[in-house]
$ cat query_6.cif   # mmCIF, C-alpha atoms
data_protein
#
loop_
_atom_site.label_atom_id
_atom_site.label_comp_id
_atom_site.auth_asym_id
_atom_site.auth_seq_id
_atom_site.Cartn_x
_atom_site.Cartn_y
_atom_site.Cartn_z
CA MET A 1 -38.57 56.00 -21.84
CA SER A 2 -35.56 55.62 -24.14
CA THR A 3 -34.69 58.68 -26.21
CA PHE A 4 -34.28 56.27 -29.12
CA ILE A 5 -37.93 55.19 -29.03
CA LYS A 6 -40.44 57.79 -30.12
CA THR A 7 -44.13 57.27 -29.44
CA SER A 8 -47.17 59.23 -30.52
CA THR A 9 -50.90 58.65 -30.47
CA ALA A 10 -53.40 59.83 -33.07
CA ASP A 11 -56.62 58.51 -34.60
CA GLY A 12 -56.70 55.54 -32.22
CA VAL A 13 -53.20 54.37 -33.21
CA LEU A 14 -50.11 54.23 -31.02
CA SER A 15 -47.02 54.66 -33.21
CA ILE A 16 -43.76 53.23 -31.88
CA MET A 17 -40.74 54.46 -33.82
CA LEU A 18 -37.21 53.12 -33.53
CA ASP A 19 -35.08 56.24 -33.83
CA ARG A 20 -31.39 55.44 -33.49
CA PRO A 21 -30.23 55.91 -37.08
CA SER A 22 -26.55 56.34 -36.19
CA LYS A 23 -26.54 52.69 -35.04
CA LYS A 24 -28.97 51.42 -37.70
CA ASN A 25 -31.65 51.31 -35.00
CA ALA A 26 -29.85 48.51 -33.14
CA ILE A 27 -32.01 47.84 -30.10
CA THR A 28 -30.69 48.22 -26.55
CA SER A 29 -32.25 46.92 -23.35
CA GLN A 30 -33.51 50.42 -22.59
CA MET A 31 -35.19 50.59 -25.99
CA TYR A 32 -36.85 47.21 -25.41
CA GLU A 33 -38.09 48.38 -22.03
CA ALA A 34 -39.54 51.52 -23.60
CA MET A 35 -41.41 49.47 -26.20
CA ILE A 36 -42.72 47.09 -23.52
CA GLY A 37 -43.98 50.09 -21.57
CA ALA A 38 -45.67 51.47 -24.67
CA LEU A 39 -47.41 48.15 -25.36
CA ASP A 40 -48.54 47.90 -21.74
CA LYS A 41 -50.00 51.39 -21.97
CA ALA A 42 -51.75 50.56 -25.25
CA SER A 43 -53.27 47.44 -23.70
CA MET A 44 -54.90 49.45 -20.93
CA ASP A 45 -55.88 52.50 -22.99
CA GLU A 46 -59.31 52.00 -24.51
CA SER A 47 -58.74 54.87 -26.92
CA ILE A 48 -55.98 52.91 -28.65
CA GLY A 49 -57.18 50.34 -31.16
CA ALA A 50 -53.96 49.44 -32.98
CA VAL A 51 -50.18 49.79 -32.78
CA LEU A 52 -47.82 50.79 -35.58
CA PHE A 53 -44.10 49.92 -35.56
CA LEU A 54 -41.75 51.82 -37.83
CA GLY A 55 -38.12 52.81 -38.14
CA ASN A 56 -36.28 55.57 -39.95
CA GLU A 57 -36.16 55.95 -43.69
CA GLY A 58 -33.61 53.42 -44.94
CA VAL A 59 -33.50 51.23 -41.83
CA PHE A 60 -36.06 49.41 -39.70
CA THR A 61 -33.60 47.79 -37.29
CA ALA A 62 -30.28 45.95 -37.45
CA GLY A 63 -31.51 43.79 -34.54
CA ASN A 64 -30.01 43.62 -31.08
CA ASP A 65 -27.24 45.98 -30.09
CA ILE A 66 -24.79 43.13 -29.49
CA GLN A 67 -22.49 45.07 -27.18
CA ASP A 68 -25.42 46.12 -24.99
CA PHE A 69 -26.81 42.59 -25.19
CA LEU A 70 -23.52 41.08 -23.98
CA SER A 71 -23.43 43.48 -21.04
CA HIS A 72 -26.77 42.13 -19.77
CA ILE A 73 -26.14 38.41 -20.19
CA GLY A 74 -25.17 38.10 -16.52
CA SER A 75 -28.79 38.73 -15.53
CA GLY A 76 -29.80 35.44 -17.19
CA ALA A 77 -31.57 34.84 -20.48
CA GLN A 78 -34.99 34.71 -18.84
CA ASN A 79 -34.56 38.27 -17.56
CA LEU A 80 -33.29 39.86 -20.75
CA ALA A 81 -35.39 42.79 -21.91
CA ALA A 82 -35.31 41.37 -25.43
CA LEU A 83 -37.15 38.26 -24.25
CA GLN A 84 -39.62 40.31 -22.23
CA PHE A 85 -40.42 42.30 -25.37
CA ILE A 86 -41.03 39.13 -27.35
CA ARG A 87 -43.32 37.82 -24.63
CA ALA A 88 -45.23 41.11 -24.73
CA LEU A 89 -45.70 40.85 -28.49
CA ALA A 90 -47.05 37.31 -28.23
CA VAL A 91 -49.80 38.19 -25.75
CA PHE A 92 -50.70 41.64 -27.06
CA GLU A 93 -54.38 41.55 -28.01
CA LYS A 94 -54.75 44.55 -30.31
CA PRO A 95 -53.76 44.62 -33.98
CA MET A 96 -50.17 45.46 -34.82
CA VAL A 97 -48.94 46.91 -38.11
CA ALA A 98 -45.36 47.45 -39.28
CA ALA A 99 -43.75 49.69 -41.89
CA VAL A 100 -40.34 48.35 -42.95
CA ASP A 101 -37.71 50.20 -44.96
CA GLY A 102 -34.14 48.95 -45.25
CA LEU A 103 -32.59 46.49 -42.81
CA ALA A 104 -34.78 44.16 -40.73
CA ILE A 105 -32.28 41.84 -39.08
CA GLY A 106 -32.84 39.23 -36.35
CA VAL A 107 -35.67 40.42 -34.14
CA GLY A 108 -36.35 43.00 -36.84
CA THR A 109 -37.70 40.11 -38.90
CA THR A 110 -39.06 37.79 -36.21
CA MET A 111 -41.17 40.51 -34.55
CA LEU A 112 -42.99 40.92 -37.87
CA LEU A 113 -44.36 37.37 -37.50
CA HIS A 114 -46.46 38.75 -34.63
CA CYS A 115 -47.78 41.70 -36.65
CA ASP A 116 -51.11 41.47 -38.42
CA LEU A 117 -50.15 43.63 -41.40
CA VAL A 118 -46.65 44.36 -42.71
CA TYR A 119 -45.80 46.88 -45.43
CA ALA A 120 -42.32 47.28 -46.84
CA THR A 121 -40.31 49.12 -49.43
CA GLU A 122 -38.44 47.44 -52.26
CA LEU A 123 -35.25 48.27 -50.38
CA ALA A 124 -36.22 46.23 -47.31
CA GLN A 125 -33.85 43.38 -46.46
CA PHE A 126 -34.69 40.56 -44.07
CA ARG A 127 -32.35 38.18 -42.25
CA MET A 128 -32.42 35.88 -39.21
CA ASN A 129 -28.74 35.14 -38.60
CA PHE A 130 -29.02 33.61 -35.13
CA ILE A 131 -26.93 30.55 -35.99
CA ASP A 132 -24.10 32.75 -37.26
CA LEU A 133 -23.90 34.21 -33.75
CA GLY A 134 -23.95 30.78 -32.13
CA LEU A 135 -27.54 31.26 -31.03
CA VAL A 136 -30.98 29.81 -31.82
CA PRO A 137 -34.18 31.43 -33.16
CA GLU A 138 -36.45 33.44 -30.89
CA ALA A 139 -39.93 35.01 -30.87
CA SER A 140 -41.47 31.62 -31.72
CA SER A 141 -39.98 31.98 -35.21
CA SER A 142 -39.05 28.28 -35.18
CA LEU A 143 -42.81 27.61 -35.08
CA LEU A 144 -44.35 30.56 -36.90
CA LEU A 145 -41.97 30.76 -39.86
CA PRO A 146 -42.42 27.12 -41.04
CA GLN A 147 -46.17 27.56 -40.62
CA ALA A 148 -46.08 30.68 -42.76
CA ILE A 149 -43.71 29.68 -45.57
CA GLY A 150 -43.09 25.93 -45.29
CA LEU A 151 -40.35 23.80 -43.78
CA GLN A 152 -37.80 24.03 -46.57
CA LYS A 153 -37.83 27.81 -46.97
CA ALA A 154 -37.85 28.27 -43.18
CA SER A 155 -34.83 25.97 -42.96
CA GLU A 156 -33.06 28.02 -45.61
CA TYR A 157 -33.49 31.20 -43.59
CA LEU A 158 -33.03 29.79 -40.08
CA LEU A 159 -30.34 27.14 -40.69
CA LEU A 160 -28.29 28.80 -43.42
CA GLY A 161 -29.06 32.27 -42.12
CA ASP A 162 -29.57 33.53 -45.65
CA GLY A 163 -31.16 36.92 -46.13
CA PHE A 164 -34.03 37.62 -48.48
CA SER A 165 -35.36 40.59 -50.37
CA ALA A 166 -38.57 42.53 -50.07
CA ALA A 167 -39.77 40.98 -53.33
CA GLU A 168 -39.19 37.51 -51.88
CA ALA A 169 -40.93 38.46 -48.64
CA LEU A 170 -43.93 39.58 -50.69
CA ARG A 171 -43.92 36.36 -52.71
CA LEU A 172 -43.81 34.29 -49.53
CA GLY A 173 -46.66 36.25 -47.96
CA LEU A 174 -44.55 37.74 -45.16
CA VAL A 175 -45.45 41.27 -46.23
CA ASN A 176 -48.72 42.59 -47.62
CA SER A 177 -47.42 44.96 -50.26
CA LEU A 178 -44.40 47.00 -51.36
CA LEU A 179 -44.48 50.79 -51.46
CA ALA A 180 -42.12 53.67 -52.10
CA PRO A 181 -40.05 54.82 -49.09
CA ALA A 182 -41.98 58.06 -48.98
CA ASP A 183 -45.30 56.22 -48.86
CA VAL A 184 -44.78 53.14 -46.69
CA GLY A 185 -45.21 54.82 -43.31
CA PHE A 186 -48.23 56.77 -44.42
CA HIS A 187 -49.89 53.70 -45.93
CA ALA A 188 -49.18 51.54 -42.86
CA LYS A 189 -50.59 54.28 -40.61
CA ARG A 190 -53.72 54.51 -42.74
CA GLN A 191 -54.27 50.76 -42.47
CA ALA A 192 -53.69 50.89 -38.72
CA ILE A 193 -56.31 53.65 -38.46
CA ARG A 194 -58.74 51.46 -40.41
CA LEU A 195 -58.16 48.62 -37.95
CA ALA A 196 -58.56 50.93 -34.96
CA SER A 197 -61.93 52.10 -36.29
CA LYS A 198 -63.39 48.57 -36.46
CA PRO A 199 -65.71 47.17 -33.74
CA ARG A 200 -63.21 46.20 -31.05
CA HIS A 201 -64.74 42.95 -29.78
CA SER A 202 -65.28 41.52 -33.27
CA LEU A 203 -61.78 42.54 -34.30
CA ALA A 204 -60.18 40.95 -31.24
CA ALA A 205 -62.17 37.74 -31.62
CA THR A 206 -61.35 37.44 -35.31
CA ARG A 207 -57.69 38.11 -34.63
CA ARG A 208 -57.61 35.31 -32.04
CA LEU A 209 -59.25 32.92 -34.51
CA ILE A 210 -56.75 33.79 -37.23
CA ARG A 211 -53.68 33.59 -35.03
CA GLY A 212 -54.61 30.40 -33.17
CA ASP A 213 -53.77 29.35 -29.64
CA ARG A 214 -51.41 31.94 -28.20
CA GLU A 215 -50.46 29.52 -25.42
CA VAL A 216 -48.79 27.35 -28.06
CA ILE A 217 -46.85 30.36 -29.31
CA SER A 218 -45.89 31.44 -25.79
CA SER A 219 -44.82 27.90 -24.96
CA ARG A 220 -42.51 27.82 -27.98
CA ILE A 221 -41.04 31.16 -26.94
CA GLU A 222 -40.12 29.66 -23.56
CA VAL A 223 -38.57 26.55 -25.15
CA GLU A 224 -36.53 28.78 -27.46
CA ALA A 225 -35.54 30.94 -24.48
CA LEU A 226 -34.12 27.96 -22.60
CA LEU A 227 -32.08 26.89 -25.62
CA PHE A 228 -31.09 30.50 -26.27
CA GLY A 229 -29.86 30.84 -22.70
CA ALA A 230 -27.80 27.66 -22.99
CA ALA A 231 -26.36 28.83 -26.31
CA LEU A 232 -25.36 32.15 -24.74
CA GLN A 233 -23.01 30.27 -22.41
CA SER A 234 -21.25 28.46 -25.24
CA PRO A 235 -17.71 29.40 -26.30
CA GLU A 236 -18.80 29.61 -29.94
CA ALA A 237 -21.48 32.20 -29.15
CA HIS A 238 -19.06 34.30 -27.12
CA ALA A 239 -16.49 34.11 -29.91
CA ALA A 240 -19.02 34.92 -32.64
CA MET A 241 -20.57 37.87 -30.82
CA SER A 242 -17.20 39.26 -29.70
CA ALA A 243 -15.99 39.06 -33.30
CA PHE A 244 -19.14 40.87 -34.44
CA VAL A 245 -18.63 43.65 -31.89
CA ASN A 246 -14.98 44.08 -32.86
CA LYS A 247 -15.90 44.17 -36.53
CA THR A 248 -18.43 46.94 -36.01
CA LYS A 249 -16.24 49.17 -33.80
#
$ encode --input "query_6.cif" --output "structure tokens"
Amino acid sequence: MSTFIKTSTADGVLSIMLDRPSKKNAITSQMYEAMIGALDKASMDESIGAVLFLGNEGVFTAGNDIQDFLSHIGSGAQNLAALQFIRALAVFEKPMVAAVDGLAIGVGTTMLLHCDLVYATELAQFRMNFIDLGLVPEASSSLLLPQAIGLQKASEYLLLGDGFSAAEALRLGLVNSLLAPADVGFHAKRQAIRLASKPRHSLAATRRLIRGDREVISSRIEVEALLFGAALQSPEAHAAMSAFVNKTK
């Protein structure tokens, strides 16, 4: 398991913490693989009733580690650990809760669309800047985001790549409530414990009813993945991502 992913289990909740603060919790392939492994374990462990995602104080995640991401492109988009993680989120059958403080960029925002409850601080910042990197949306965000907030607002965030504040996320219904940085993790954990204590079969059935046909979501993920893979081969994507890496060195 990656040293940058910390897991712990208590009160029926598996906590998955992104812990790479020096890189703003940018996610590497190894980190994705660790989170996939944790979700697989949670699926099979009957003592676990819910999963909690959280980052460090001041940052949830800056999204993919672009340099690491570029180093794995040769394996093909379908084999990227980032895509495998997204697939795992889409089919995971237990409730997922997130506590967000600071940056939630790219997958840091789109993964929240698969969570059942999301709590944030007023300092949280959300952005899906795929187009700016010459790429396309992932995690079924091209389907789930318009469903959640409407076509026009989804277009604003996915086409223009504009960021939005925690207050706006709350207004749009993308987060449940805003809390102080010192409280958000504790509150999210408490809500995850509440979910884990519910009757499991009723909870799972209700969750499926609320979330709809997961085959539709998984199908959109695969369509996005094909387009994402094609975009990765484009000169504009290579130029945009290389420029991003050079800028952050």
$ atom_distance --input "query_6.cif" --atom1 "atom CA of A:Asp183" --atom2 "atom CA of A:Pro95"
20.7 Å
$ atom_distance --input "query_6.cif" --atom1 "atom CA of A:Gln30" --atom2 "atom CA of A:Met111"
17.3 Å
$ closest_residue --input "query_6.cif" --among "A:Ala88, A:Ala81, A:Ala120, A:Leu158" --to "A:Ser43" --atoms "only C-alpha atoms"
A:Ala88
$ resolve_selection --input "query_6.cif" --expression "the PyMOL selection byres ((chain A and resi 61) around 8)" --output "ChimeraX atom specification"
/A:18,24-27,55,59-60,62-63,103-105,108
$ residues_around --input "query_6.cif" --residues "A:Asp11" --least-positions-apart "3" --cutoff "12 Å" --atoms "all atoms listed in the file" --output "list of chain:residue names"
A:Ser8, A:Leu14, A:Ser15, A:Ser47, A:Ile48, A:Gly49, A:Ala50, A:Val51, A:Leu52, A:Lys189, A:Arg190, A:Gln191, A:Ala192, A:Ile193, A:Arg194, A:Leu195, A:Ala196, A:Ser197
$ write_last_selection --input "query_6.cif" --atoms "C-alpha atoms" --output "PDB file, in the frame of the given file"
ATOM      1  CA  SER A   8     -47.170  59.230 -30.520  1.00  0.00           C
ATOM      2  CA  LEU A  14     -50.110  54.230 -31.020  1.00  0.00           C
ATOM      3  CA  SER A  15     -47.020  54.660 -33.210  1.00  0.00           C
ATOM      4  CA  SER A  47     -58.740  54.870 -26.920  1.00  0.00           C
ATOM      5  CA  ILE A  48     -55.980  52.910 -28.650  1.00  0.00           C
ATOM      6  CA  GLY A  49     -57.180  50.340 -31.160  1.00  0.00           C
ATOM      7  CA  ALA A  50     -53.960  49.440 -32.980  1.00  0.00           C
ATOM      8  CA  VAL A  51     -50.180  49.790 -32.780  1.00  0.00           C
ATOM      9  CA  LEU A  52     -47.820  50.790 -35.580  1.00  0.00           C
ATOM     10  CA  LYS A 189     -50.590  54.280 -40.610  1.00  0.00           C
ATOM     11  CA  ARG A 190     -53.720  54.510 -42.740  1.00  0.00           C
ATOM     12  CA  GLN A 191     -54.270  50.760 -42.470  1.00  0.00           C
ATOM     13  CA  ALA A 192     -53.690  50.890 -38.720  1.00  0.00           C
ATOM     14  CA  ILE A 193     -56.310  53.650 -38.460  1.00  0.00           C
ATOM     15  CA  ARG A 194     -58.740  51.460 -40.410  1.00  0.00           C
ATOM     16  CA  LEU A 195     -58.160  48.620 -37.950  1.00  0.00           C
ATOM     17  CA  ALA A 196     -58.560  50.930 -34.960  1.00  0.00           C
ATOM     18  CA  SER A 197     -61.930  52.100 -36.290  1.00  0.00           C
TER      19      SER A 197
END
$ residues_around --input "query_6.cif" --residues "A:Arg214" --least-positions-apart "5" --cutoff "9 Å" --atoms "all atoms listed in the file" --output "VMD selection string"
chain A and resid 90 to 91 208 219
$ residues_near_point --input "query_6.cif" --point "(-40.7, 46.7, -29.9)" --cutoff "12 Å" --atoms "all atoms listed in the file" --output "VMD selection string"
chain A and resid 2 4 to 7 15 to 19 25 to 40 51 to 55 60 to 61 63 to 64 81 to 90 92 96 to 98 107 to 112 114 to 115 139
$ closest_residue --input "query_6.cif" --among "A:Ala243, A:Leu144, A:Leu123, A:Ala188" --to "A:Asn176" --atoms "all atoms listed in the file"
A:Ala188
$ closest_residue --input "query_6.cif" --among "A:Ser142, A:Asn129, A:Ser177, A:Gln78" --to "A:Leu160" --atoms "only C-alpha atoms"
A:Asn129
$ closest_residue --input "query_6.cif" --among "A:Ala148, A:Leu226, A:Ala154, A:Ala99" --to "A:Ala180" --atoms "only C-alpha atoms"
A:Ala99
$ atom_distance --input "query_6.cif" --atom1 "atom CA of A:Gln125" --atom2 "atom CA of A:Ala182"
17.0 Å
$ resolve_selection --input "query_6.cif" --expression "the PyMOL selection byres ((chain A and resi 122) around 8)" --output "number ranges by chain"
A: 101, 120-121, 123-124, 165-167, 178-180
$ closest_residue --input "query_6.cif" --among "A:Gly161, A:Gly12, A:Gly58, A:Gly173" --to "A:Gly134" --atoms "all atoms listed in the file"
A:Gly161
$ resolve_selection --input "query_6.cif" --expression "the PyMOL selection byres ((chain A and resi 131) around 12)" --output "MDAnalysis selection string"
chainID A and resid 106 127:130 132:138 155:162 228 231:232 236:237 240:241
$ closest_residue --input "query_6.cif" --among "A:Pro235, A:Val245, A:Val100, A:Ala225" --to "A:Asn79" --atoms "all atoms listed in the file"
A:Ala225
$ build_atoms --input "query_6.cif" --residues "stretch 174-185 of chain A" --atoms "all heavy atoms" --output "PDB file, in the coordinates of the input"
ATOM      1  N   LEU A 174     -44.993  37.171 -46.431  1.00  0.00           N
ATOM      2  CA  LEU A 174     -44.550  37.740 -45.160  1.00  0.00           C
ATOM      3  C   LEU A 174     -44.804  39.237 -45.072  1.00  0.00           C
ATOM      4  O   LEU A 174     -44.751  39.814 -43.986  1.00  0.00           O
ATOM      5  CB  LEU A 174     -43.060  37.442 -44.938  1.00  0.00           C
ATOM      6  CG  LEU A 174     -42.711  35.962 -44.768  1.00  0.00           C
ATOM      7  CD1 LEU A 174     -41.197  35.781 -44.670  1.00  0.00           C
ATOM      8  CD2 LEU A 174     -43.388  35.365 -43.543  1.00  0.00           C
ATOM      9  N   VAL A 175     -45.028  39.872 -46.212  1.00  0.00           N
ATOM     10  CA  VAL A 175     -45.450  41.270 -46.230  1.00  0.00           C
ATOM     11  C   VAL A 175     -46.683  41.387 -47.114  1.00  0.00           C
ATOM     12  O   VAL A 175     -46.903  40.563 -48.001  1.00  0.00           O
ATOM     13  CB  VAL A 175     -44.326  42.228 -46.716  1.00  0.00           C
ATOM     14  CG1 VAL A 175     -43.071  42.072 -45.873  1.00  0.00           C
ATOM     15  CG2 VAL A 175     -44.014  42.001 -48.182  1.00  0.00           C
ATOM     16  N   ASN A 176     -47.465  42.421 -46.881  1.00  0.00           N
ATOM     17  CA  ASN A 176     -48.720  42.590 -47.620  1.00  0.00           C
ATOM     18  C   ASN A 176     -48.544  43.274 -48.956  1.00  0.00           C
ATOM     19  O   ASN A 176     -49.204  42.918 -49.935  1.00  0.00           O
ATOM     20  CB  ASN A 176     -49.709  43.390 -46.765  1.00  0.00           C
ATOM     21  CG  ASN A 176     -50.162  42.620 -45.547  1.00  0.00           C
ATOM     22  OD1 ASN A 176     -49.503  42.671 -44.509  1.00  0.00           O
ATOM     23  ND2 ASN A 176     -51.253  41.878 -45.641  1.00  0.00           N
ATOM     24  N   SER A 177     -47.671  44.270 -48.995  1.00  0.00           N
ATOM     25  CA  SER A 177     -47.420  44.960 -50.260  1.00  0.00           C
ATOM     26  C   SER A 177     -46.152  45.778 -50.138  1.00  0.00           C
ATOM     27  O   SER A 177     -45.656  46.043 -49.030  1.00  0.00           O
ATOM     28  CB  SER A 177     -48.605  45.850 -50.658  1.00  0.00           C
ATOM     29  OG  SER A 177     -48.862  46.826 -49.674  1.00  0.00           O
ATOM     30  N   LEU A 178     -45.603  46.181 -51.302  1.00  0.00           N
ATOM     31  CA  LEU A 178     -44.400  47.000 -51.360  1.00  0.00           C
ATOM     32  C   LEU A 178     -44.768  48.405 -51.814  1.00  0.00           C
ATOM     33  O   LEU A 178     -45.565  48.575 -52.745  1.00  0.00           O
ATOM     34  CB  LEU A 178     -43.382  46.390 -52.331  1.00  0.00           C
ATOM     35  CG  LEU A 178     -42.939  44.951 -52.042  1.00  0.00           C
ATOM     36  CD1 LEU A 178     -41.870  44.521 -53.044  1.00  0.00           C
ATOM     37  CD2 LEU A 178     -42.431  44.795 -50.615  1.00  0.00           C
ATOM     38  N   LEU A 179     -44.177  49.389 -51.151  1.00  0.00           N
ATOM     39  CA  LEU A 179     -44.480  50.790 -51.460  1.00  0.00           C
ATOM     40  C   LEU A 179     -43.174  51.578 -51.527  1.00  0.00           C
ATOM     41  O   LEU A 179     -42.120  51.117 -51.099  1.00  0.00           O
ATOM     42  CB  LEU A 179     -45.401  51.382 -50.406  1.00  0.00           C
ATOM     43  CG  LEU A 179     -46.783  50.732 -50.285  1.00  0.00           C
ATOM     44  CD1 LEU A 179     -46.845  49.865 -49.046  1.00  0.00           C
ATOM     45  CD2 LEU A 179     -47.869  51.780 -50.249  1.00  0.00           C
ATOM     46  N   ALA A 180     -43.270  52.775 -52.053  1.00  0.00           N
ATOM     47  CA  ALA A 180     -42.120  53.670 -52.100  1.00  0.00           C
ATOM     48  C   ALA A 180     -41.751  54.090 -50.680  1.00  0.00           C
ATOM     49  O   ALA A 180     -42.619  54.166 -49.800  1.00  0.00           O
ATOM     50  CB  ALA A 180     -42.447  54.890 -52.948  1.00  0.00           C
ATOM     51  N   PRO A 181     -40.459  54.380 -50.434  1.00  0.00           N
ATOM     52  CA  PRO A 181     -40.050  54.820 -49.090  1.00  0.00           C
ATOM     53  C   PRO A 181     -40.852  55.997 -48.555  1.00  0.00           C
ATOM     54  O   PRO A 181     -41.144  56.057 -47.358  1.00  0.00           O
ATOM     55  CB  PRO A 181     -38.572  55.187 -49.287  1.00  0.00           C
ATOM     56  CG  PRO A 181     -38.116  54.309 -50.408  1.00  0.00           C
ATOM     57  CD  PRO A 181     -39.302  54.219 -51.338  1.00  0.00           C
ATOM     58  N   ALA A 182     -41.227  56.889 -49.426  1.00  0.00           N
ATOM     59  CA  ALA A 182     -41.980  58.060 -48.980  1.00  0.00           C
ATOM     60  C   ALA A 182     -43.420  57.736 -48.610  1.00  0.00           C
ATOM     61  O   ALA A 182     -44.087  58.535 -47.931  1.00  0.00           O
ATOM     62  CB  ALA A 182     -41.970  59.130 -50.076  1.00  0.00           C
ATOM     63  N   ASP A 183     -43.893  56.569 -49.037  1.00  0.00           N
ATOM     64  CA  ASP A 183     -45.300  56.220 -48.860  1.00  0.00           C
ATOM     65  C   ASP A 183     -45.555  55.145 -47.807  1.00  0.00           C
ATOM     66  O   ASP A 183     -46.671  55.015 -47.312  1.00  0.00           O
ATOM     67  CB  ASP A 183     -45.898  55.742 -50.184  1.00  0.00           C
ATOM     68  CG  ASP A 183     -45.862  56.808 -51.261  1.00  0.00           C
ATOM     69  OD1 ASP A 183     -45.923  58.003 -50.906  1.00  0.00           O
ATOM     70  OD2 ASP A 183     -45.757  56.453 -52.448  1.00  0.00           O
ATOM     71  N   VAL A 184     -44.525  54.346 -47.481  1.00  0.00           N
ATOM     72  CA  VAL A 184     -44.780  53.140 -46.690  1.00  0.00           C
ATOM     73  C   VAL A 184     -45.304  53.462 -45.295  1.00  0.00           C
ATOM     74  O   VAL A 184     -46.248  52.812 -44.805  1.00  0.00           O
ATOM     75  CB  VAL A 184     -43.519  52.250 -46.622  1.00  0.00           C
ATOM     76  CG1 VAL A 184     -42.384  52.917 -45.855  1.00  0.00           C
ATOM     77  CG2 VAL A 184     -43.846  50.885 -46.026  1.00  0.00           C
ATOM     78  N   GLY A 185     -44.729  54.466 -44.639  1.00  0.00           N
ATOM     79  CA  GLY A 185     -45.210  54.820 -43.310  1.00  0.00           C
ATOM     80  C   GLY A 185     -46.613  55.359 -43.320  1.00  0.00           C
ATOM     81  O   GLY A 185     -47.442  55.003 -42.472  1.00  0.00           O
TER      82      GLY A 185
END
